[in-house]
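Input: a single structure, listed below in structure tokens.
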Amino acid sequence: QVETEDHVFSVAAHPTISLLAVGCITGRVSCYSPCEEKGREMRETFSVTQHTKACRALCFSPKGDKLYSASKDRHLLSVNSSTGHILHSVELAIRSPVNVMLYLSSRLVCGHDSGVVSVYEAGDLSCLGSLVLTEQREYVSGICHTPSERQVVVTTGEGQVALIDTRELVVKKKFYSKSEILSVCSISGEKKVITGDTEGRLHFLSWSDTPLQPYAHMTCAADTSIDSCMVLPCGELMCVGCGDGVVRIVNILSRQVRGVVGRKQKLQIENLCIAGPLDMLCCSSGSKVFLWRISDISSGVEMIEKKRNCEETESTECSKRIKTEETREINETTQSSVVKGLCKRKKQKRQQVQSRSDRAQFFDG
């Protein structure tokens, strides 16, 4: 794990090397890499202290040569991920700070506290335009990729889920949920997304040849919120970060909770990301960043599912045996009753015959 002095607001993983970026409430951005001498421990490689307020969003470029950060101080930075040198620093054209950020086709798509979605050129951080997404100015809670290189799915605090064209800056499709949406993730290669709300429910939505609409729902964690979610590389499992400090593993196909990853966190799971080169799932809670090996998670869930299948099979076989035994007992009881009834009737007949014989002898005498 990585432990910082301040509350962690954002986490991002380098796409090609073992490097983890952490943004804190003080505005400090630090990058960590594995320490070969100390095994699993992570050491700080460099830090950036340009931001004066909380660093809310981080992302790397696809090649990993640049790290982008957005802060509550309404500034956007691009940093050399090898040296920590600041390449560009600009003040946002939008008056409200950024809450979430995503790299998409040489552009940065930012979601703001005021419900605005803005697009910036990734090279010089120049603003390319903006779109007011919500009439009530509710914050943008999440952004995720789609199969298209120019479209993203955006969620807001008022429950809106919108498919946006980042080139034209128009809403292509949208759906309104009855609950507040806190997180969103996409299913790779499909026109489907999964959202998490304040009531602990997951909503599965699709828009292939249809309007953007839900096709399934499930309660993942009762009496708590789903603050972050992430689909694992296998494509069948997803991790859900909840307000009770627990990361739950959900099978996307069966839509069932299949396990839990760690219970040490006391605060909500605000961020989830996958560090591919490290084969790690990273999550932030409070001032700590926890890391779990993805292969261990997948194998653990597989073992749990096998155990459950065995238990279900054993339960089914046990039920069959019980039913067979009950049927046999019923048949035996029925047969015994029939035999007893026959014996009783035979005895009654013998008594009747004997009675007639006795009467006949009496009269003859």
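Chain identifiers are assigned as A, B, and so on, following the order in which chains appear in the structure tokens; residues are numbered from 1 within each chain, and ligands are numbered from 1 in order of appearance.
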
Please provide the set of residues having any atom within 8 Å of stretch 53-57 of chain A, restricted to only C-alpha atoms, with same-chain residues fewer than 4 positions apart removed, written as an NGL selection string. :A and (9-11 or 23-29 or 69-73 or 98-101)

Counting only C-alpha atoms, what is within 10 Å of A:Leu125, bar same-chain residues fewer than 4 positions away, as a PyMOL selection string? chain A and resi 68+76-78+88-92+107-108+119-121

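Nearest residue to A:Trp207, choosing from A:Gly259, A:Pro147, A:Pro233, A:Pro62 and counting only C-alpha atoms: A:Pro147.
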
DSSP on the backbone, then: every residue of stretch 86-174 of chain A marked strand (DSSP E), written as a PyMOL selection string. chain A and resi 86-91+98-104+107-112+116-121+127-132+140-145+151-156+160-165+170-174

Residues from last step as file, N, CA and C atoms, as a short mmCIF file (atom, residue, chain, number, x, y, z; two decimals), in the first residue's frame:
```
data_model
loop_
_atom_site.label_atom_id
_atom_site.label_comp_id
_atom_site.auth_asym_id
_atom_site.auth_seq_id
_atom_site.Cartn_x
_atom_site.Cartn_y
_atom_site.Cartn_z
N ILE A 86 7.02 20.57 -15.21
CA ILE A 86 5.74 21.11 -15.68
C ILE A 86 5.87 21.60 -17.11
N LEU A 87 5.07 21.06 -18.00
CA LEU A 87 5.11 21.43 -19.41
C LEU A 87 4.17 22.59 -19.71
N HIS A 88 2.94 22.51 -19.20
CA HIS A 88 1.96 23.58 -19.42
C HIS A 88 1.11 23.75 -18.17
N SER A 89 0.68 24.97 -17.94
CA SER A 89 -0.21 25.28 -16.84
C SER A 89 -1.17 26.37 -17.30
N VAL A 90 -2.47 26.08 -17.27
CA VAL A 90 -3.47 27.05 -17.74
C VAL A 90 -4.59 27.17 -16.72
N GLU A 91 -5.21 28.33 -16.69
CA GLU A 91 -6.40 28.54 -15.87
C GLU A 91 -7.62 28.16 -16.70
N VAL A 98 -12.87 21.50 -11.96
CA VAL A 98 -13.07 20.17 -12.56
C VAL A 98 -13.28 19.14 -11.46
N ASN A 99 -14.20 18.22 -11.70
CA ASN A 99 -14.44 17.11 -10.76
C ASN A 99 -13.90 15.79 -11.30
N VAL A 100 -14.05 15.57 -12.62
CA VAL A 100 -13.55 14.35 -13.26
C VAL A 100 -12.92 14.71 -14.60
N MET A 101 -11.99 13.84 -15.06
CA MET A 101 -11.28 14.12 -16.30
C MET A 101 -10.94 12.82 -17.02
N LEU A 102 -10.94 12.86 -18.37
CA LEU A 102 -10.67 11.67 -19.18
C LEU A 102 -9.88 12.07 -20.42
N TYR A 103 -8.87 11.26 -20.77
CA TYR A 103 -8.10 11.48 -22.00
C TYR A 103 -8.80 10.73 -23.13
N LEU A 104 -9.07 11.44 -24.25
CA LEU A 104 -9.77 10.83 -25.38
C LEU A 104 -9.26 11.42 -26.69
N ARG A 107 -7.35 14.64 -26.72
CA ARG A 107 -8.12 15.69 -26.05
C ARG A 107 -8.39 15.29 -24.61
N LEU A 108 -8.61 16.31 -23.78
CA LEU A 108 -9.00 16.09 -22.40
C LEU A 108 -10.46 16.49 -22.23
N VAL A 109 -11.28 15.56 -21.78
CA VAL A 109 -12.70 15.83 -21.53
C VAL A 109 -12.86 16.01 -20.02
N CYS A 110 -13.35 17.18 -19.61
CA CYS A 110 -13.46 17.51 -18.19
C CYS A 110 -14.91 17.71 -17.79
N GLY A 111 -15.27 17.20 -16.63
CA GLY A 111 -16.60 17.42 -16.07
C GLY A 111 -16.49 18.31 -14.85
N HIS A 112 -17.31 19.37 -14.80
CA HIS A 112 -17.17 20.40 -13.78
C HIS A 112 -18.26 20.31 -12.71
N VAL A 116 -21.09 21.41 -16.30
CA VAL A 116 -20.55 21.73 -17.62
C VAL A 116 -19.52 20.68 -18.01
N VAL A 117 -19.52 20.30 -19.29
CA VAL A 117 -18.50 19.42 -19.86
C VAL A 117 -17.66 20.25 -20.82
N SER A 118 -16.35 20.31 -20.58
CA SER A 118 -15.45 21.09 -21.43
C SER A 118 -14.41 20.19 -22.05
N VAL A 119 -13.87 20.62 -23.20
CA VAL A 119 -12.87 19.85 -23.94
C VAL A 119 -11.64 20.71 -24.16
N TYR A 120 -10.45 20.13 -23.87
CA TYR A 120 -9.19 20.85 -24.02
C TYR A 120 -8.25 20.06 -24.93
N GLU A 121 -7.44 20.77 -25.70
CA GLU A 121 -6.41 20.14 -26.50
C GLU A 121 -5.33 19.60 -25.57
N CYS A 127 -8.56 25.57 -24.72
CA CYS A 127 -9.96 25.16 -24.61
C CYS A 127 -10.59 25.10 -26.00
N LEU A 128 -11.26 23.98 -26.30
CA LEU A 128 -11.90 23.78 -27.60
C LEU A 128 -13.40 24.00 -27.56
N GLY A 129 -13.97 24.13 -26.38
CA GLY A 129 -15.40 24.36 -26.27
C GLY A 129 -15.97 23.72 -25.02
N SER A 130 -17.24 24.01 -24.78
CA SER A 130 -17.91 23.47 -23.59
C SER A 130 -19.38 23.25 -23.87
N LEU A 131 -20.01 22.46 -23.01
CA LEU A 131 -21.42 22.12 -23.14
C LEU A 131 -22.05 22.10 -21.76
N VAL A 132 -23.17 22.83 -21.61
CA VAL A 132 -23.91 22.81 -20.34
C VAL A 132 -24.80 21.58 -20.35
N VAL A 140 -20.88 17.09 -12.44
CA VAL A 140 -20.60 15.92 -13.27
C VAL A 140 -19.87 14.91 -12.41
N SER A 141 -20.44 13.72 -12.25
CA SER A 141 -19.89 12.72 -11.32
C SER A 141 -18.99 11.70 -11.97
N GLY A 142 -19.12 11.50 -13.30
CA GLY A 142 -18.30 10.46 -13.93
C GLY A 142 -18.25 10.60 -15.44
N ILE A 143 -17.14 10.13 -16.04
CA ILE A 143 -16.96 10.09 -17.48
C ILE A 143 -16.31 8.75 -17.83
N CYS A 144 -16.76 8.10 -18.90
CA CYS A 144 -16.12 6.85 -19.32
C CYS A 144 -16.09 6.75 -20.84
N HIS A 145 -15.19 5.89 -21.34
CA HIS A 145 -15.03 5.68 -22.78
C HIS A 145 -16.21 4.92 -23.39
N GLN A 151 -16.87 9.79 -28.74
CA GLN A 151 -18.01 9.85 -27.83
C GLN A 151 -17.64 9.36 -26.43
N VAL A 152 -18.29 9.96 -25.44
CA VAL A 152 -18.14 9.54 -24.04
C VAL A 152 -19.51 9.46 -23.40
N VAL A 153 -19.59 8.72 -22.30
CA VAL A 153 -20.80 8.70 -21.49
C VAL A 153 -20.51 9.47 -20.21
N VAL A 154 -21.39 10.42 -19.89
CA VAL A 154 -21.21 11.31 -18.75
C VAL A 154 -22.39 11.15 -17.81
N THR A 155 -22.12 11.14 -16.51
CA THR A 155 -23.18 11.07 -15.50
C THR A 155 -23.13 12.30 -14.61
N THR A 156 -24.30 12.66 -14.04
CA THR A 156 -24.37 13.84 -13.18
C THR A 156 -25.06 13.52 -11.86
N GLN A 160 -28.65 12.14 -14.37
CA GLN A 160 -28.63 12.09 -15.83
C GLN A 160 -27.46 11.25 -16.34
N VAL A 161 -27.73 10.42 -17.34
CA VAL A 161 -26.70 9.66 -18.05
C VAL A 161 -26.78 10.08 -19.51
N ALA A 162 -25.70 10.66 -20.05
CA ALA A 162 -25.74 11.25 -21.38
C ALA A 162 -24.61 10.73 -22.25
N LEU A 163 -24.93 10.45 -23.51
CA LEU A 163 -23.94 10.09 -24.52
C LEU A 163 -23.59 11.36 -25.29
N ILE A 164 -22.32 11.78 -25.21
CA ILE A 164 -21.91 13.08 -25.75
C ILE A 164 -20.90 12.90 -26.88
N ASP A 165 -21.09 13.65 -27.96
CA ASP A 165 -20.10 13.73 -29.03
C ASP A 165 -19.14 14.86 -28.67
N VAL A 170 -22.39 17.94 -28.53
CA VAL A 170 -23.84 17.81 -28.46
C VAL A 170 -24.18 16.50 -27.74
N VAL A 171 -25.35 16.47 -27.13
CA VAL A 171 -25.85 15.25 -26.48
C VAL A 171 -26.58 14.41 -27.51
N LYS A 172 -26.09 13.20 -27.75
CA LYS A 172 -26.70 12.31 -28.73
C LYS A 172 -27.88 11.55 -28.13
N LYS A 173 -27.69 11.03 -26.93
CA LYS A 173 -28.74 10.29 -26.24
C LYS A 173 -28.62 10.55 -24.75
N LYS A 174 -29.74 10.44 -24.04
CA LYS A 174 -29.68 10.62 -22.58
C LYS A 174 -30.79 9.87 -21.88
#
```

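Between A:Leu19 and the residues A:Gln1, A:Ser177, A:Thr45, A:Ser126, the shortest atom-to-atom distance, using only C-alpha atoms, involves A:Thr45.
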
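One finds atom CA of A:Lys192 at 18.7 Å from atom CA of A:Ile249.
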
Taking 6 positions as the minimum chain separation for residues in the same chain, which residues sit within 6 Å of A:Ser206 when counting only C-alpha atoms? Answer as a PyMOL selection string. chain A and resi 191-192+212-213

Counting only C-alpha atoms, the residue among A:Ile187, A:Gly159, A:Leu237, A:Leu169 that lies closest to A:Thr146 is A:Ile187

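Taking atom CA of A:Lys266 as the reference point, atom CA of A:Asp244 is found at 7.2 Å.
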
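Comparing the minimum interatomic distances between A:Cys282 and each of A:Cys242, A:Leu20, A:Met218, A:His75, counting only C-alpha atoms, we find that A:Leu20 sits nearest.
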